[in-house]
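For reference, coords26.pdb (PDB, C-alpha atoms, pLDDT in the B column):
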ATOM      1  CA  MET A   1     182.325 107.240  83.119  1.00 75.00           C
ATOM      2  CA  LYS A   2     184.656 104.464  82.097  1.00 91.00           C
ATOM      3  CA  PRO A   3     182.748 101.355  80.937  1.00 96.00           C
ATOM      4  CA  THR A   4     183.080  98.101  82.869  1.00 97.00           C
ATOM      5  CA  MET A   5     182.249  94.657  81.483  1.00 97.00           C
ATOM      6  CA  HIS A   6     180.170  92.069  83.348  1.00 97.00           C
ATOM      7  CA  GLU A   7     179.692  88.565  81.978  1.00 97.00           C
ATOM      8  CA  GLY A   8     176.265  86.960  82.210  1.00 97.00           C
ATOM      9  CA  GLU A   9     175.369  83.287  82.134  1.00 97.00           C
ATOM     10  CA  THR A  10     175.297  84.051  78.414  1.00 98.00           C
ATOM     11  CA  GLY A  11     176.312  87.313  76.755  1.00 98.00           C
ATOM     12  CA  SER A  12     177.707  90.357  78.523  1.00 98.00           C
ATOM     13  CA  ALA A  13     176.747  93.682  80.047  1.00 98.00           C
ATOM     14  CA  THR A  14     178.551  97.007  79.698  1.00 98.00           C
ATOM     15  CA  TRP A  15     178.000  99.425  82.596  1.00 97.00           C
ATOM     16  CA  ARG A  16     178.742 103.129  82.749  1.00 98.00           C
ATOM     17  CA  THR A  17     178.321 103.949  86.435  1.00 97.00           C
ATOM     18  CA  LEU A  18     178.125 107.134  88.481  1.00 96.00           C
ATOM     19  CA  ASP A  19     178.119 106.690  92.271  1.00 95.00           C
ATOM     20  CA  ILE A  20     176.534 109.514  94.244  1.00 95.00           C
ATOM     21  CA  GLY A  21     176.729 108.673  97.948  1.00 94.00           C
ATOM     22  CA  ASP A  22     174.619 105.521  98.401  1.00 91.00           C
ATOM     23  CA  LEU A  23     172.992 105.993  94.993  1.00 93.00           C
ATOM     24  CA  ARG A  24     174.225 104.232  91.859  1.00 95.00           C
ATOM     25  CA  VAL A  25     173.175 105.611  88.435  1.00 97.00           C
ATOM     26  CA  ARG A  26     173.986 103.453  85.404  1.00 97.00           C
ATOM     27  CA  MET A  27     173.679 103.280  81.654  1.00 98.00           C
ATOM     28  CA  VAL A  28     173.721  99.559  80.912  1.00 98.00           C
ATOM     29  CA  GLU A  29     173.877  97.757  77.585  1.00 98.00           C
ATOM     30  CA  TYR A  30     173.196  94.018  77.392  1.00 98.00           C
ATOM     31  CA  SER A  31     174.439  92.141  74.342  1.00 98.00           C
ATOM     32  CA  ALA A  32     172.039  90.045  72.255  1.00 98.00           C
ATOM     33  CA  GLY A  33     171.459  86.745  74.050  1.00 98.00           C
ATOM     34  CA  TYR A  34     172.350  88.156  77.493  1.00 98.00           C
ATOM     35  CA  LEU A  35     171.040  86.197  80.503  1.00 98.00           C
ATOM     36  CA  ALA A  36     171.964  87.364  84.011  1.00 97.00           C
ATOM     37  CA  ASP A  37     174.104  84.895  85.945  1.00 96.00           C
ATOM     38  CA  HIS A  38     172.240  85.493  89.244  1.00 94.00           C
ATOM     39  CA  TRP A  39     168.896  86.334  90.837  1.00 94.00           C
ATOM     40  CA  CYS A  40     168.995  89.919  92.076  1.00 92.00           C
ATOM     41  CA  ASP A  41     167.399  91.107  95.340  1.00 90.00           C
ATOM     42  CA  ARG A  42     168.566  94.712  95.001  1.00 88.00           C
ATOM     43  CA  GLY A  43     165.963  97.400  94.378  1.00 88.00           C
ATOM     44  CA  HIS A  44     166.060  99.234  91.046  1.00 89.00           C
ATOM     45  CA  VAL A  45     164.260 101.811  88.978  1.00 95.00           C
ATOM     46  CA  LEU A  46     164.880 100.761  85.381  1.00 96.00           C
ATOM     47  CA  LEU A  47     163.948 102.449  82.077  1.00 98.00           C
ATOM     48  CA  VAL A  48     164.344 100.743  78.686  1.00 98.00           C
ATOM     49  CA  LEU A  49     165.890 103.159  76.178  1.00 98.00           C
ATOM     50  CA  GLU A  50     166.456 100.856  73.184  1.00 98.00           C
ATOM     51  CA  GLY A  51     165.754  97.201  72.388  1.00 98.00           C
ATOM     52  CA  GLU A  52     163.646  94.757  74.386  1.00 98.00           C
ATOM     53  CA  LEU A  53     164.164  93.320  77.880  1.00 98.00           C
ATOM     54  CA  GLU A  54     162.524  90.320  79.504  1.00 97.00           C
ATOM     55  CA  THR A  55     162.475  90.376  83.294  1.00 94.00           C
ATOM     56  CA  GLU A  56     161.832  87.073  85.014  1.00 92.00           C
ATOM     57  CA  LEU A  57     160.796  86.900  88.670  1.00 90.00           C
ATOM     58  CA  ARG A  58     161.919  83.947  90.759  1.00 88.00           C
ATOM     59  CA  ASP A  59     158.249  82.984  91.191  1.00 88.00           C
ATOM     60  CA  GLY A  60     158.065  82.316  87.423  1.00 91.00           C
ATOM     61  CA  ARG A  61     156.362  85.469  86.177  1.00 91.00           C
ATOM     62  CA  LYS A  62     157.911  87.115  83.108  1.00 95.00           C
ATOM     63  CA  PHE A  63     157.484  90.638  81.741  1.00 95.00           C
ATOM     64  CA  LYS A  64     158.607  92.073  78.384  1.00 97.00           C
ATOM     65  CA  LEU A  65     159.617  95.705  78.337  1.00 97.00           C
ATOM     66  CA  LYS A  66     160.073  97.855  75.240  1.00 98.00           C
ATOM     67  CA  PRO A  67     161.525 101.360  74.819  1.00 98.00           C
ATOM     68  CA  GLY A  68     159.851 103.851  77.147  1.00 98.00           C
ATOM     69  CA  MET A  69     158.704 101.154  79.591  1.00 98.00           C
ATOM     70  CA  SER A  70     160.051 100.897  83.140  1.00 96.00           C
ATOM     71  CA  TYR A  71     159.810  98.856  86.300  1.00 91.00           C
ATOM     72  CA  GLN A  72     160.587  99.349  89.949  1.00 89.00           C
ATOM     73  CA  VAL A  73     161.463  96.723  92.559  1.00 85.00           C
ATOM     74  CA  SER A  74     162.443  97.136  96.203  1.00 82.00           C
ATOM     75  CA  ASP A  75     165.412  95.768  98.135  1.00 83.00           C
ATOM     76  CA  PHE A  76     164.555  92.269  99.376  1.00 72.00           C
ATOM     77  CA  GLY A  77     160.811  93.104  99.355  1.00 71.00           C
ATOM     78  CA  ASP A  78     159.746  92.092  95.863  1.00 71.00           C
ATOM     79  CA  ALA A  79     160.465  88.768  94.192  1.00 79.00           C
ATOM     80  CA  ALA A  80     164.100  88.340  93.145  1.00 90.00           C
ATOM     81  CA  HIS A  81     164.540  89.017  89.434  1.00 92.00           C
ATOM     82  CA  ARG A  82     166.908  88.465  86.538  1.00 94.00           C
ATOM     83  CA  SER A  83     167.193  89.897  83.043  1.00 96.00           C
ATOM     84  CA  PHE A  84     167.280  88.393  79.557  1.00 97.00           C
ATOM     85  CA  THR A  85     167.370  89.934  76.096  1.00 98.00           C
ATOM     86  CA  SER A  86     167.410  88.136  72.780  1.00 97.00           C
ATOM     87  CA  THR A  87     167.982  91.331  70.767  1.00 96.00           C
ATOM     88  CA  GLY A  88     170.217  93.419  73.040  1.00 98.00           C
ATOM     89  CA  VAL A  89     168.997  96.360  75.096  1.00 98.00           C
ATOM     90  CA  LYS A  90     170.108  99.748  76.460  1.00 98.00           C
ATOM     91  CA  LEU A  91     168.876 100.670  79.952  1.00 98.00           C
ATOM     92  CA  PHE A  92     168.980 103.544  82.429  1.00 98.00           C
ATOM     93  CA  ILE A  93     169.061 102.162  85.978  1.00 97.00           C
ATOM     94  CA  VAL A  94     169.043 103.876  89.378  1.00 97.00           C
ATOM     95  CA  ASP A  95     169.653 101.815  92.511  1.00 92.00           C
TER      96      ASP A  95
END
Output the structure of this file as structure tokens.
Amino acid sequence: MKPTMHEGETGSATWRTLDIGDLRVRMVEYSAGYLADHWCDRGHVLLVLEGELETELRDGRKFKLKPGMSYQVSDFGDAAHRSFTSTGVKLFIVD
């Protein structure tokens, strides 16, 4: 899987993506100081492998995830979300 770079509002993300039909499986690394440049409505299953991730929901709630922690959100059913990390983080994401 060839890595692709995605700039955030701050910092950047490196994706290694495998597409299997309608399913996307990714290893994602966010640089220290990464803040997503958009609110996401896509459903995900996300597992933190290394580092720490803060997920913010559009309604203002925030959740910190550490290695071994995960979250799941549905397409357009749960509150839109975006990611931030002060330290950098490595994630496994299926969507």
Give as a list in words the residues that the PyMOL selection byres ((chain A and resi 95) around 7) matches when applied to the coordinates above.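 For this structure, the PyMOL selection byres ((chain A and resi 95) around 7) captures Leu23, Arg24, Val25, Gly43, His44, Val45, Ile93 and Val94 of chain A.
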Save out the residues we just selected, C-alpha atoms, as a CSV table (one decimal), in the frame of the given file.
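result36.csv, freshly written:
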chain,number,residue,atom,x,y,z
A,23,LEU,CA,173.0,106.0,95.0
A,24,ARG,CA,174.2,104.2,91.9
A,25,VAL,CA,173.2,105.6,88.4
A,43,GLY,CA,166.0,97.4,94.4
A,44,HIS,CA,166.1,99.2,91.0
A,45,VAL,CA,164.3,101.8,89.0
A,93,ILE,CA,169.1,102.2,86.0
A,94,VAL,CA,169.0,103.9,89.4
Can you translate the PyMOL selection byres ((chain A and resi 89) around 7) into the concrete residues it hits in this file, as a PyMOL selection string? chain A and resi 29-31+50-53+85+87-88+90-91
Can you tell me how far atom CA of Phe92 of chain A sits from atom CA of Leu46 of chain A, in Å to one decimal? 5.8 Å
Using all atoms listed in the file, find all polymer residues with an atom at most 10 Å away from the point (158.4, 86.2, 89.4); report them as a ChimeraX atom specification. /A:55-63,78-82
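Computed from the coordinates, the atom CA of Val48 of chain A to atom CA of Pro67 of chain A distance equals 4.8 Å.
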Give me the result of the PyMOL selection byres ((chain A and resi 4) around 6) on this file, residue by residue, as a list of chain:residue names. A:Pro3, A:Met5, A:Thr14, A:Trp15
Straight-line distance linking atom CA of Asp22 of chain A with atom CA of Arg42 of chain A, stated in Å to one decimal: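 According to the coordinates, atom CA of Asp22 of chain A and atom CA of Arg42 of chain A are separated by 12.8 Å.
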So, with only C-alpha atoms as the atoms that count, which of A:Cys40, A:Ile20, A:Leu49, A:Leu35 lies closest to Phe76 of chain A?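 The closest residue to Phe76 of chain A is A:Cys40.
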Give the answer as one residue: which of A:His6, A:Leu65, A:Met1, A:Leu47 has the shortest atom-to-atom distance to Tyr34 of chain A, using all atoms listed in the file? A:His6
